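This is work.txt. It holds compact mmCIF, C-alpha atoms.
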# COMPACT_ATOMS: atom_id res chain seq x y z
CA MET A 153 124.61 108.58 52.09
CA LYS A 154 121.32 108.54 53.87
CA ILE A 155 120.78 111.56 56.09
CA ILE A 156 119.62 110.70 59.57
CA GLY A 157 116.74 112.93 60.64
CA LEU A 158 117.46 115.63 63.15
CA PRO A 159 114.65 114.58 65.53
CA PHE A 160 116.15 111.09 65.74
CA VAL A 161 119.59 112.46 66.52
CA ALA A 162 118.13 114.78 69.14
CA ALA A 163 116.20 111.95 70.78
CA LEU A 164 119.28 109.74 70.76
CA ALA A 165 121.38 112.50 72.32
CA PHE A 166 118.72 113.11 74.93
CA ALA A 167 118.54 109.39 75.78
CA MET A 168 122.33 109.16 76.07
CA ALA A 169 122.44 112.25 78.28
CA TRP A 170 119.65 110.80 80.42
CA SER A 171 121.53 107.54 80.74
CA LEU A 172 124.62 109.39 81.93
CA VAL A 173 122.69 111.40 84.48
CA TYR A 174 120.37 108.72 85.82
CA GLY A 175 122.29 105.54 85.15
CA GLN A 176 119.42 103.90 83.30
CA THR A 177 119.41 102.90 79.67
CA ALA A 178 115.80 103.92 79.39
CA GLY A 179 114.38 107.05 80.93
CA VAL A 180 111.58 105.53 82.96
CA VAL A 181 111.13 107.36 86.23
CA VAL A 182 108.81 106.25 89.01
CA ARG A 183 107.69 109.10 91.27
CA ASN A 184 105.62 108.82 94.40
CA LEU A 185 102.77 111.24 94.85
CA GLU A 186 101.76 112.77 98.14
CA LYS A 187 99.35 110.01 99.19
CA PRO A 188 101.19 106.79 100.08
CA GLY A 189 100.51 104.24 97.36
CA ALA A 190 99.89 106.83 94.63
CA VAL A 191 102.52 106.89 91.91
CA ILE A 192 103.19 108.14 88.40
CA VAL A 193 105.45 106.62 85.78
CA GLU A 194 107.19 108.98 83.37
CA ASN A 195 109.11 108.08 80.24
CA HIS A 196 111.91 110.57 79.55
CA GLY A 197 113.58 108.24 77.09
CA PRO A 198 112.66 106.40 73.90
CA PRO A 199 109.34 104.53 73.63
CA ILE A 200 109.23 101.46 75.84
CA VAL A 201 106.92 98.54 76.51
CA LEU A 202 106.39 97.88 80.23
CA ALA A 203 104.99 94.83 81.99
CA SER A 204 101.52 95.61 83.35
CA LYS A 205 102.26 93.72 86.52
CA VAL A 206 104.20 95.84 89.00
CA LEU A 207 106.25 94.46 91.86
CA VAL A 208 105.51 95.93 95.26
CA GLU A 209 108.46 95.43 97.58
CA ARG A 210 108.59 95.72 101.36
CA LYS A 211 111.70 96.86 103.19
CA ARG A 212 112.81 94.34 105.79
CA GLY A 213 115.96 95.48 107.53
CA ALA A 214 118.36 96.41 104.76
CA GLU A 215 116.77 94.24 102.08
CA TRP A 216 113.75 94.52 99.83
CA ILE A 217 111.41 91.53 99.64
CA GLU A 218 108.46 90.98 97.34
CA ALA A 219 105.12 91.70 98.98
CA PRO A 220 102.07 89.70 97.88
CA VAL A 221 100.34 92.67 96.30
CA SER A 222 98.34 92.76 93.08
CA PHE A 223 99.21 96.04 91.35
CA ASP A 224 98.96 96.70 87.63
CA LEU A 225 99.68 99.65 85.36
CA VAL A 226 95.99 100.37 84.86
CA GLN A 227 94.53 103.85 84.89
CA SER A 228 90.97 102.71 85.62
CA CYS A 229 89.29 99.66 87.08
CA ALA A 230 87.69 98.28 83.95
CA ALA A 231 86.23 94.78 83.95
CA GLY A 232 88.10 92.11 82.06
CA LYS A 233 91.62 90.84 81.77
CA VAL A 234 94.50 93.27 82.23
CA PRO A 235 96.81 93.18 79.17
CA ASP A 236 100.27 91.74 79.79
CA SER A 237 102.06 94.92 78.73
CA VAL A 238 101.63 98.66 78.34
CA ASP A 239 103.19 100.90 75.67
CA LEU A 240 104.69 104.05 77.13
CA PRO A 241 105.63 106.48 74.34
CA SER A 242 108.49 108.91 74.72
CA GLY A 243 107.45 111.78 76.96
CA ALA A 244 104.32 110.01 78.19
CA THR A 245 103.16 109.81 81.79
CA LEU A 246 101.11 107.00 83.29
CA ARG A 247 99.08 107.49 86.44
CA PRO A 248 97.96 104.04 87.70
CA VAL A 249 95.03 103.61 90.05
CA PRO A 250 96.62 104.15 93.49
CA TRP A 251 97.29 101.29 95.91
CA THR A 252 95.20 101.34 99.10
CA GLY A 253 97.53 98.98 100.97
CA TYR A 254 95.47 95.79 100.62
CA THR A 255 97.21 92.74 99.22
CA CYS A 256 94.51 91.49 96.85
CA SER A 257 91.93 94.24 96.30
CA GLY A 258 94.26 97.15 96.92
CA GLN A 259 93.85 98.69 93.51
CA CYS A 260 90.62 97.42 91.97
CA PRO A 261 87.83 95.18 93.26
CA ARG A 262 88.76 91.55 92.67
CA SER A 263 87.82 88.04 93.72
CA CYS A 264 89.78 87.84 96.97
CA ARG A 265 90.03 85.35 99.76
CA SER A 266 93.35 86.11 101.47
CA ASN A 267 93.32 89.91 101.50
CA HIS A 268 94.80 92.04 104.25
CA TYR A 269 96.15 95.52 104.78
CA SER A 270 99.95 95.58 104.48
CA GLY A 271 100.80 98.58 106.66
CA PRO A 272 102.45 99.89 108.56
CA GLY A 273 105.65 99.43 106.61
CA THR A 274 108.07 100.82 104.06
CA PHE A 275 107.38 99.91 100.45
CA ARG A 276 108.38 100.76 96.89
CA PHE A 277 107.03 100.08 93.42
CA VAL A 278 109.25 98.34 90.88
CA ILE A 279 108.26 98.69 87.24
CA LEU A 280 109.57 96.07 84.83
CA ARG A 281 110.25 96.23 81.12
CA SER A 282 107.89 93.80 79.38
CA ASP A 283 110.67 91.27 78.82
CA HIS A 284 111.74 91.72 82.48
CA GLY A 285 115.16 92.78 81.21
CA GLU A 286 115.19 96.00 83.17
CA ARG A 287 113.81 97.19 86.50
CA PHE A 288 112.82 100.72 87.42
CA ALA A 289 112.53 101.00 91.19
CA GLY A 290 110.66 103.92 92.65
CA PRO A 291 111.59 105.69 95.86
CA GLU A 292 110.45 104.19 99.13
CA PHE A 293 107.33 105.39 100.90
CA ALA A 294 105.77 104.75 104.28
CA LEU A 295 102.40 103.02 104.29
CA PRO A 296 100.63 104.09 107.48
CA PRO A 297 98.66 101.81 109.82
CA GLU A 298 95.19 100.95 108.68
CA ARG A 299 92.44 103.47 109.30
CA LEU A 300 89.33 101.42 109.86
CA PRO A 301 86.13 102.73 108.25
CA LYS A 302 83.30 103.86 110.41
CA ASP A 303 80.77 101.14 111.19
CA PRO A 304 78.04 101.55 108.56
CA GLY A 305 75.50 99.99 110.91
CA PRO A 306 73.57 96.76 110.67
CA HIS A 307 73.33 95.18 107.23
CA MET B 13 118.41 72.35 126.84
CA ALA B 14 117.30 72.79 123.25
CA ILE B 15 114.70 75.30 122.14
CA ALA B 16 111.16 74.00 122.63
CA ILE B 17 107.60 75.24 122.69
CA VAL B 18 106.39 75.72 126.26
CA PRO B 19 103.49 73.23 126.56
CA GLY B 20 100.13 74.96 126.75
CA SER B 21 101.60 78.40 126.06
CA ALA B 22 100.08 78.89 122.63
CA LYS B 23 96.96 81.02 122.70
CA ILE B 24 94.68 82.74 120.21
CA SER B 25 92.72 85.73 121.49
CA GLY B 26 90.81 88.74 120.22
CA ILE B 27 89.02 86.76 117.52
CA SER B 28 86.57 88.70 115.39
CA SER B 29 85.11 87.62 112.08
CA ALA B 30 84.97 89.78 108.97
CA GLN B 31 81.71 91.74 108.85
CA SER B 32 79.54 91.77 105.74
CA GLN B 33 77.95 94.99 104.56
CA ILE B 34 75.74 96.11 101.68
CA PRO B 35 77.77 95.77 98.46
CA ALA B 36 78.95 98.96 96.80
CA MET B 37 77.98 99.71 93.20
CA SER B 38 81.04 101.24 91.59
CA GLY B 39 82.56 101.38 88.14
CA GLY B 40 79.96 99.07 86.65
CA THR B 41 80.50 96.35 89.21
CA ALA B 42 78.88 95.24 92.46
CA ASN B 43 81.63 94.96 95.04
CA PHE B 44 81.30 92.81 98.13
CA SER B 45 83.85 93.72 100.75
CA PRO B 46 83.70 93.47 104.53
CA SER B 47 83.19 96.59 106.63
CA ALA B 48 85.85 95.14 108.95
CA GLY B 49 88.23 92.28 108.34
CA MET B 50 88.73 89.11 110.34
CA HIS B 51 91.28 89.57 113.10
CA ALA B 52 92.95 87.45 115.76
CA ASP B 53 96.08 87.58 117.88
CA GLY B 54 98.34 84.63 118.62
CA VAL B 55 101.15 84.05 121.11
CA VAL B 56 103.56 81.15 121.60
CA GLN B 57 106.24 80.88 124.25
CA PHE B 58 109.59 79.17 123.69
CA SER B 59 112.01 77.80 126.24
CA GLY B 60 115.72 77.34 125.72
CA SER B 61 119.16 77.87 127.14
CA ARG B 62 121.69 80.60 126.75
CA GLY B 63 123.48 80.09 123.45
CA ASP B 64 120.64 78.22 121.75
CA LEU B 65 120.28 79.41 118.17
CA PRO B 66 116.75 80.41 117.16
CA ALA B 67 117.41 80.00 113.42
CA GLY B 68 114.73 78.00 111.65
CA TRP B 69 111.94 78.51 114.18
CA GLN B 70 109.03 80.36 112.59
CA ILE B 71 105.61 81.42 113.84
CA GLY B 72 102.66 82.26 111.63
CA TRP B 73 99.24 81.26 110.39
CA ILE B 74 97.91 78.74 107.95
CA GLN B 75 94.39 79.18 106.62
CA ALA B 76 92.08 76.87 104.70
CA GLN B 77 88.82 77.76 103.01
CA TRP B 78 86.41 74.85 103.09
CA VAL B 79 83.04 76.29 101.97
CA GLU B 80 82.48 78.35 98.84
CA THR B 81 78.99 79.37 97.79
CA ASN B 82 79.25 81.85 94.96
CA TRP B 83 76.55 82.45 92.38
CA ALA B 84 74.72 85.30 90.67
CA GLU B 85 71.50 85.58 88.73
CA TYR B 86 70.93 88.22 86.05
CA ARG B 87 67.61 89.19 84.45
CA GLY B 88 66.69 91.22 81.40
CA GLN B 89 64.35 94.20 81.72
CA PHE B 90 61.57 92.04 80.29
CA ASP B 91 60.94 88.31 80.47
CA HIS B 92 61.78 87.89 76.77
CA ASP B 93 65.18 89.56 77.34
CA GLY B 94 66.24 86.37 79.08
CA SER B 95 68.32 85.58 82.14
CA ILE B 96 71.80 84.36 83.04
CA PHE B 97 72.99 82.21 85.94
CA LEU B 98 76.69 82.38 86.84
CA GLN B 99 77.92 79.56 89.07
CA ARG B 100 81.39 80.35 90.40
CA GLY B 101 81.33 77.90 93.28
CA ARG B 102 81.02 74.57 91.44
CA PRO B 103 82.90 72.65 88.73
CA PRO B 104 83.97 73.24 86.08
CA ALA B 105 84.48 76.89 87.11
CA ARG B 106 85.86 75.93 90.51
CA PRO B 107 87.01 72.49 91.68
CA THR B 108 85.23 71.04 94.70
CA GLY B 109 86.92 70.81 98.05
CA ALA B 110 89.02 72.94 100.32
CA CYS B 111 91.96 75.11 99.37
CA ARG B 112 94.85 76.74 101.20
CA ASP B 113 94.43 80.49 101.48
CA THR B 114 97.74 82.29 100.98
CA SER B 115 98.62 85.78 99.83
CA LEU B 116 101.89 84.77 98.20
CA ALA B 117 102.20 81.63 96.07
CA VAL B 118 100.40 78.66 97.62
CA GLY B 119 103.74 76.92 98.20
CA THR B 120 104.66 79.46 100.88
CA ILE B 121 102.17 77.65 103.17
CA PHE B 122 101.85 80.54 105.65
CA THR B 123 99.24 83.26 105.02
CA ASP B 124 101.86 85.94 104.38
CA PRO B 125 105.48 85.34 105.38
CA SER B 126 106.46 88.78 104.05
CA ASP B 127 104.34 90.62 106.63
CA PRO B 128 106.00 91.02 110.03
CA ARG B 129 102.62 91.21 111.73
CA GLU B 130 101.52 87.84 110.35
CA PHE B 131 104.78 85.94 110.50
CA ALA B 132 107.87 86.01 112.69
CA GLN B 133 111.21 84.31 113.07
CA LEU B 134 112.00 83.33 116.62
CA SER B 135 114.12 85.99 118.22
CA ALA B 136 117.19 85.26 120.32
CA GLY B 137 116.82 84.77 124.09
CA PRO B 138 117.04 85.21 126.95
CA TYR B 139 114.48 82.46 127.27
CA PRO B 140 111.63 82.04 127.72
CA VAL B 141 110.75 84.09 124.64
CA THR B 142 107.14 84.97 123.87
CA MET B 143 106.40 85.55 120.19
CA SER B 144 103.27 87.36 119.01
CA VAL B 145 101.66 87.38 115.58
CA GLN B 146 98.30 88.56 114.32
CA THR B 147 96.14 87.51 111.41
CA ASN B 148 93.85 89.66 109.29
CA ASP B 149 91.67 88.87 106.29
CA SER B 150 89.07 90.78 104.29
CA PRO B 151 87.75 88.36 101.68
CA GLY B 152 85.66 89.91 98.96
CA GLU B 153 84.04 89.33 95.60
CA THR B 154 82.91 91.34 92.60
CA TYR B 155 80.30 90.88 89.87
CA ASN B 156 79.54 92.93 86.78
CA GLN B 157 76.34 94.93 87.06
CA ILE B 158 75.32 94.02 83.52
CA GLU B 159 76.02 90.93 81.38
CA THR B 160 74.95 90.53 77.77
CA ASN B 161 72.75 87.51 77.15
CA SER B 162 74.10 85.84 74.00
CA VAL B 163 70.80 84.03 73.42
CA THR B 164 68.64 87.16 73.26
CA GLY B 165 71.37 89.73 72.60
CA LYS B 166 69.88 91.85 75.41
CA PRO B 167 71.48 93.29 78.53
CA ASN B 168 70.74 91.26 81.64
CA TYR B 169 70.95 93.05 84.97
CA LEU B 170 72.35 91.72 88.23
CA HIS B 171 69.41 90.43 90.27
CA LEU B 172 70.59 88.13 93.07
CA VAL B 173 73.97 87.15 94.52
CA GLN B 174 74.80 84.69 97.29
CA LEU B 175 78.28 84.31 98.77
CA GLU B 176 79.33 82.06 101.65
CA PHE B 177 83.01 81.71 102.57
CA HIS B 178 84.02 79.51 105.53
CA PHE B 179 87.59 79.36 106.82
CA CYS B 180 89.75 77.65 109.43
CA THR B 181 92.77 79.61 110.63
CA VAL B 182 95.56 77.80 112.47
CA LEU B 183 98.36 79.23 114.62
CA VAL B 184 101.45 77.29 113.56
CA VAL B 185 105.10 76.93 114.52
CA ARG B 186 107.54 75.58 111.96
CA ASP B 187 110.61 74.04 113.57
CA PRO B 188 114.13 73.91 112.08
CA THR B 189 113.40 70.50 110.56
CA ALA B 190 110.49 72.11 108.61
CA ARG B 191 107.78 70.33 110.62
CA PHE B 192 104.57 72.32 110.96
CA LEU B 193 103.40 72.14 114.56
CA GLN B 194 99.80 73.28 114.88
CA GLN B 195 99.20 75.08 118.16
CA ALA B 196 95.61 76.33 118.13
CA HIS B 197 92.88 77.17 115.63
CA PHE B 198 89.50 78.81 115.09
CA LEU B 199 86.74 78.81 112.51
CA TRP B 200 85.08 81.83 110.94
CA ASN B 201 82.80 82.72 108.06
CA ILE B 202 81.13 85.53 106.18
CA HIS B 203 77.90 85.47 104.15
CA TRP B 204 76.28 87.88 101.73
CA GLN B 205 72.93 87.54 99.99
CA ASP B 206 71.60 90.62 98.26
CA ARG B 207 69.04 91.57 95.65
CA PHE B 208 69.71 94.19 92.98
CA ASP B 209 67.13 96.22 91.08
CA PRO B 210 68.08 98.81 88.47
CA THR B 211 65.98 101.96 88.70
CA ALA B 212 66.75 103.07 85.15
CA PHE B 213 67.01 101.27 81.80
CA PRO B 214 68.85 100.43 79.65
CA SER B 215 72.08 101.77 81.17
CA PRO B 216 71.76 102.40 84.91
CA THR B 217 74.60 104.36 86.47
CA ASP B 218 76.17 103.17 89.70
CA ALA B 219 73.69 105.34 91.60
CA GLN B 220 70.67 103.96 89.75
CA TRP B 221 70.45 100.66 91.59
CA LYS B 222 68.42 99.63 94.59
CA VAL B 223 70.35 97.08 96.65
CA THR B 224 68.42 95.12 99.25
CA ALA B 225 69.80 92.66 101.78
CA VAL B 226 67.99 89.31 101.73
CA PRO B 227 66.75 88.68 105.31
CA GLY B 228 68.95 86.13 107.05
CA GLY B 229 71.41 86.01 104.19
CA ASN B 230 74.03 88.37 105.55
CA SER B 231 76.02 87.30 108.56
CA SER B 232 79.40 86.50 109.94
CA HIS B 233 80.53 84.28 112.76
CA ALA B 234 83.70 83.22 114.50
CA SER B 235 84.28 80.36 116.89
CA ALA B 236 86.23 80.43 120.09
CA ALA B 237 89.84 79.31 119.93
CA PHE B 238 90.52 75.59 120.14
CA GLN B 239 93.80 74.41 121.60
CA GLY B 240 95.86 72.11 119.43
CA GLY B 241 95.67 71.37 115.74
CA THR B 242 92.73 70.49 113.57
CA THR B 243 92.08 67.06 112.11
CA ASP B 244 88.83 68.04 110.39
CA PRO B 245 88.76 65.86 107.26
CA ARG B 246 87.02 68.58 105.26
CA PHE B 247 90.18 70.68 105.09
CA ALA B 248 93.03 69.23 107.19
CA SER B 249 94.61 67.65 104.12
CA VAL B 250 95.25 70.98 102.36
CA LEU B 251 96.94 72.78 105.25
CA THR B 252 100.55 71.83 104.54
CA THR B 253 100.53 69.44 101.59
CA PRO B 254 101.69 70.47 98.10
CA GLN B 255 98.88 72.35 96.34
CA SER B 256 98.73 73.73 92.84
CA PHE B 257 96.47 76.71 93.48
CA SER B 258 95.66 79.03 96.35
CA CYS B 259 92.10 80.04 97.17
CA VAL B 260 92.81 83.43 95.55
CA ASP B 261 93.95 81.61 92.39
CA LEU B 262 90.78 79.50 92.34
CA ALA B 263 88.49 82.46 92.92
CA GLY B 264 90.12 84.47 90.13
CA ALA B 265 90.03 81.55 87.71
CA SER B 266 86.38 80.91 88.47
CA ALA B 267 85.45 84.56 87.85
CA THR B 268 87.29 84.39 84.53
CA ALA B 269 85.72 81.08 83.50
CA VAL B 270 82.13 82.28 83.73
CA ARG B 271 82.84 85.22 81.41
CA THR B 272 83.09 82.78 78.51
CA VAL B 273 79.85 82.03 76.70
CA GLY B 274 79.51 78.27 76.52
CA ASN B 275 81.16 77.54 79.86
CA ALA B 276 78.95 75.11 81.75
CA CYS B 277 78.89 77.47 84.72
CA ARG B 278 77.51 80.31 82.59
CA ARG B 279 73.92 79.34 81.85
CA GLU B 280 71.97 81.62 79.56
CA PHE B 281 68.20 81.38 79.07
CA PRO B 282 65.77 82.98 76.59
CA ARG B 283 63.35 83.78 79.43
CA TRP B 284 63.56 84.60 83.09
CA HIS B 285 64.59 81.34 84.71
CA ILE B 286 65.05 80.20 88.28
CA SER B 287 68.13 77.98 88.46
CA ASP B 288 69.06 75.33 91.00
CA VAL B 289 71.76 77.18 92.87
CA ARG B 290 73.18 73.94 94.30
CA LYS B 291 74.53 72.93 90.87
Represent the structure of the file as structure tokens.
Amino acid sequence: MKIIGLPFVAALAFAMAWSLVYGQTAGVVVRNLEKPGAVIVENHGPPIVLASKVLVERKRGAEWIEAPVSFDLVQSCAAGKVPDSVDLPSGATLRPVPWTGYTCSGQCPRSCRSNHYSGPGTFRFVILRSDHGERFAGPEFALPPERLPKDPGPH
Amino acid sequence: MAIAIVPGSAKISGISSAQSQIPAMSGGTANFSPSAGMHADGVVQFSGSRGDLPAGWQIGWIQAQWVETNWAEYRGQFDHDGSIFLQRGRPPARPTGACRDTSLAVGTIFTDPSDPREFAQLSAGPYPVTMSVQTNDSPGETYNQIETNSVTGKPNYLHLVQLEFHFCTVLVVRDPTARFLQQAHFLWNIHWQDRFDPTAFPSPTDAQWKVTAVPGGNSSHASAAFQGGTTDPRFASVLTTPQSFSCVDLAGASATAVRTVGNACRREFPRWHISDVRK
């Protein structure tokens, strides 16, 4: 009989315990940071592949609706196409570029035409498994009203 | 008495265009973003009787973009390092003609029906009910600071960029039969034209660029509000008809297209070359 490795058994037990405690089959946790729009994604379960594209949802009354926000699981604003998915190994943490509140260029500079600040409002990030088979919704956060930059003077 | 729009009640006020500013050099890109976004406020008043149901009445904005100038010229450090012209405002990178400018999918018609500042459902009486919405937009663009010239194999540095975006924004009521009733509109635009000179070679940092505004090339304007809808043939046809792509979609696709060597809108030259920016 083949002996199953102890690390595998331990990881399996941990994942099962996590599932019991948090009600998720995978241990992906979305945590807001202090600044509204800043978030980290932690994987306390087995390795998982996540969709790069993140849903940003706005609270309207008692329901959550999709906001037209471009937000990806990218940790820097590199030029070029964002890959469709991101590998998140067990125990890994991902710290995406924070969202500024703008619909189009709220994370990285982009080619934008319609592009406006979304606040004030209540929002949350929803991370998706790459096959969209599972959602990991973060806690809600309040996006404040826009603080307009100081006039830099004539161009 | 059924719910109706009070004739002459629709008004747009507080119009200000987006303001262009010197582009920021950051993360290897030149980023064009307004120092302040376009803004306007709209109000529409509704009449009705006690017991009238407001369901299906919606107030918001529809926006069309009808001018897109969008090109960049890159130059090598030396003449024999070549030059590149990227044309993002013309076919095949971008189709000609106007587009509808939406934040959600283009089929949502309104600029952003998820945002309670931009879009509202008619609230219940007592009538008359005055509904207020506002519109905001900060269009922007981005170009790489350095592109590799595939003809010479040398880095070519951003040298000139010109952007001109012209829009028409319409205050609209949609009635319960899904008719779009245009109430008032205004026109606005934003222009950038800037020159870029690296101050170090071959790999200037973000801080090692001199960015100079081209005189007369940077401006923004907004019209007064016009009562009623627009019939301007340059863009009226895209306001509510089925469209495949939003202006954001087109802009993103155009930026992607010119990254590909061989695309007709990415023109690479073995020497410094002045291109016809109209094509």
Problem - Best match for closeness to Lys187 of chain A among A:Pro250, A:Gly273, A:Gly213, A:Pro241, counting all atoms listed in the file - result: A:Pro250
Practice task
Might you pull out every residue within 12 Å of segment 218-222 of chain B, with all atoms listed in the file counted and same-chain residues fewer than 3 positions away left off, and present them as a list in words?
Solution key: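 Result of the neighbour search: Ile34, Pro35, Ala36, Met37, Ser38, Gly39, Gly40, Thr41, Ala42, Asn43, Asn156, Gln157, Ile158, Tyr169, Leu170, His171, Leu172, Asp206, Arg207, Phe208, Asp209, Pro210, Thr211, Ala212, Phe213, Pro214, Ser215 and Ala225 of chain B.
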Same residues, C-alpha atoms, output as a PDB file, keeping the file's coordinate frame:
ATOM      1  CA  ILE B  34      75.740  96.110 101.680  1.00  0.00           C
ATOM      2  CA  PRO B  35      77.770  95.770  98.460  1.00  0.00           C
ATOM      3  CA  ALA B  36      78.950  98.960  96.800  1.00  0.00           C
ATOM      4  CA  MET B  37      77.980  99.710  93.200  1.00  0.00           C
ATOM      5  CA  SER B  38      81.040 101.240  91.590  1.00  0.00           C
ATOM      6  CA  GLY B  39      82.560 101.380  88.140  1.00  0.00           C
ATOM      7  CA  GLY B  40      79.960  99.070  86.650  1.00  0.00           C
ATOM      8  CA  THR B  41      80.500  96.350  89.210  1.00  0.00           C
ATOM      9  CA  ALA B  42      78.880  95.240  92.460  1.00  0.00           C
ATOM     10  CA  ASN B  43      81.630  94.960  95.040  1.00  0.00           C
ATOM     11  CA  ASN B 156      79.540  92.930  86.780  1.00  0.00           C
ATOM     12  CA  GLN B 157      76.340  94.930  87.060  1.00  0.00           C
ATOM     13  CA  ILE B 158      75.320  94.020  83.520  1.00  0.00           C
ATOM     14  CA  TYR B 169      70.950  93.050  84.970  1.00  0.00           C
ATOM     15  CA  LEU B 170      72.350  91.720  88.230  1.00  0.00           C
ATOM     16  CA  HIS B 171      69.410  90.430  90.270  1.00  0.00           C
ATOM     17  CA  LEU B 172      70.590  88.130  93.070  1.00  0.00           C
ATOM     18  CA  ASP B 206      71.600  90.620  98.260  1.00  0.00           C
ATOM     19  CA  ARG B 207      69.040  91.570  95.650  1.00  0.00           C
ATOM     20  CA  PHE B 208      69.710  94.190  92.980  1.00  0.00           C
ATOM     21  CA  ASP B 209      67.130  96.220  91.080  1.00  0.00           C
ATOM     22  CA  PRO B 210      68.080  98.810  88.470  1.00  0.00           C
ATOM     23  CA  THR B 211      65.980 101.960  88.700  1.00  0.00           C
ATOM     24  CA  ALA B 212      66.750 103.070  85.150  1.00  0.00           C
ATOM     25  CA  PHE B 213      67.010 101.270  81.800  1.00  0.00           C
ATOM     26  CA  PRO B 214      68.850 100.430  79.650  1.00  0.00           C
ATOM     27  CA  SER B 215      72.080 101.770  81.170  1.00  0.00           C
ATOM     28  CA  ALA B 225      69.800  92.660 101.780  1.00  0.00           C
TER      29      ALA B 225
END
Exercise for the section: Considering only C-alpha atoms, extract the chain B residues located within 8 Å of chain A and return them as a ChimeraX atom specification. Expected result: /B:32-34,39,41,43,47-49,113-116,123-124,126-127,148-154,156,225,230,259-260,263-264,267
Exercise for the section: Provide the atom CA of Gln205 of chain B to atom CA of Trp73 of chain B distance in Å, to one decimal place. Expected result: 29.0 Å
Just the residues within 8 Å of Gln99 of chain B, please, counting all atoms listed in the file, with nothing from its chain fewer than 2 positions along; format it as an mmCIF file with C-alpha atoms, keeping the file's coordinate frame.
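Output saved as around35.cif:
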data_model
loop_
_atom_site.group_PDB
_atom_site.id
_atom_site.type_symbol
_atom_site.label_atom_id
_atom_site.label_comp_id
_atom_site.auth_asym_id
_atom_site.auth_seq_id
_atom_site.Cartn_x
_atom_site.Cartn_y
_atom_site.Cartn_z
ATOM 1 C CA ASN B 82 79.250 81.850 94.960
ATOM 2 C CA TRP B 83 76.550 82.450 92.380
ATOM 3 C CA ALA B 84 74.720 85.300 90.670
ATOM 4 C CA PHE B 97 72.990 82.210 85.940
ATOM 5 C CA GLY B 101 81.330 77.900 93.280
ATOM 6 C CA ARG B 102 81.020 74.570 91.440
ATOM 7 C CA ALA B 105 84.480 76.890 87.110
ATOM 8 C CA VAL B 270 82.130 82.280 83.730
ATOM 9 C CA CYS B 277 78.890 77.470 84.720
ATOM 10 C CA ARG B 278 77.510 80.310 82.590
ATOM 11 C CA VAL B 289 71.760 77.180 92.870
ATOM 12 C CA LYS B 291 74.530 72.930 90.870
#
Practice task
Write out as a PyMOL selection string the residues lying within 8 Å of Asn168 of chain B, counting all atoms listed in the file and excluding same-chain residues fewer than 6 positions away.
Solution key: chain B and resi 86-89+93-96+158-161
Handout entry: Pick from B:Arg271, B:His285, B:Ile121, B:Phe238 nearest to Gln75 of chain B, counting only C-alpha atoms
Key =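 Counting only C-alpha atoms, the residue closest to Gln75 of chain B is B:Ile121.
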Problem - Distance in Å - atom CA of Ser25 of chain B versus atom CA of Asp53 of chain B - result: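 Calculated distance between atom CA of Ser25 of chain B and atom CA of Asp53 of chain B is 5.3 Å.
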Taking the partial coordinates given, rebuild segment 122-132 of chain B to contain N, CA and C atoms; return it as a PDB file, keeping the file's coordinate frame.
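Ended up saving to selection.pdb:
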ATOM      1  N   PHE B 122     102.371  79.536 104.711  1.00  0.00           N
ATOM      2  CA  PHE B 122     101.850  80.540 105.650  1.00  0.00           C
ATOM      3  C   PHE B 122     101.019  81.593 104.902  1.00  0.00           C
ATOM      4  N   THR B 123     100.126  82.278 105.659  1.00  0.00           N
ATOM      5  CA  THR B 123      99.240  83.260 105.020  1.00  0.00           C
ATOM      6  C   THR B 123     100.025  84.364 104.325  1.00  0.00           C
ATOM      7  N   ASP B 124     101.037  84.908 105.008  1.00  0.00           N
ATOM      8  CA  ASP B 124     101.860  85.940 104.380  1.00  0.00           C
ATOM      9  C   ASP B 124     103.198  86.059 105.110  1.00  0.00           C
ATOM     10  N   PRO B 125     104.188  85.281 104.701  1.00  0.00           N
ATOM     11  CA  PRO B 125     105.480  85.340 105.380  1.00  0.00           C
ATOM     12  C   PRO B 125     106.264  86.614 105.136  1.00  0.00           C
ATOM     13  N   SER B 126     105.751  87.505 104.267  1.00  0.00           N
ATOM     14  CA  SER B 126     106.460  88.780 104.050  1.00  0.00           C
ATOM     15  C   SER B 126     106.002  89.849 105.038  1.00  0.00           C
ATOM     16  N   ASP B 127     104.913  89.601 105.753  1.00  0.00           N
ATOM     17  CA  ASP B 127     104.340  90.620 106.630  1.00  0.00           C
ATOM     18  C   ASP B 127     104.759  90.358 108.072  1.00  0.00           C
ATOM     19  N   PRO B 128     105.502  91.280 108.669  1.00  0.00           N
ATOM     20  CA  PRO B 128     106.000  91.020 110.030  1.00  0.00           C
ATOM     21  C   PRO B 128     104.917  90.970 111.092  1.00  0.00           C
ATOM     22  N   ARG B 129     103.707  91.381 110.747  1.00  0.00           N
ATOM     23  CA  ARG B 129     102.620  91.210 111.730  1.00  0.00           C
ATOM     24  C   ARG B 129     102.087  89.788 111.700  1.00  0.00           C
ATOM     25  N   GLU B 130     102.131  89.158 110.518  1.00  0.00           N
ATOM     26  CA  GLU B 130     101.520  87.840 110.350  1.00  0.00           C
ATOM     27  C   GLU B 130     102.502  86.689 110.573  1.00  0.00           C
ATOM     28  N   PHE B 131     103.771  87.000 110.540  1.00  0.00           N
ATOM     29  CA  PHE B 131     104.780  85.940 110.500  1.00  0.00           C
ATOM     30  C   PHE B 131     106.038  86.443 111.197  1.00  0.00           C
ATOM     31  N   ALA B 132     106.672  85.583 111.968  1.00  0.00           N
ATOM     32  CA  ALA B 132     107.870  86.010 112.690  1.00  0.00           C
ATOM     33  C   ALA B 132     108.875  84.876 112.768  1.00  0.00           C
TER      34      ALA B 132
END
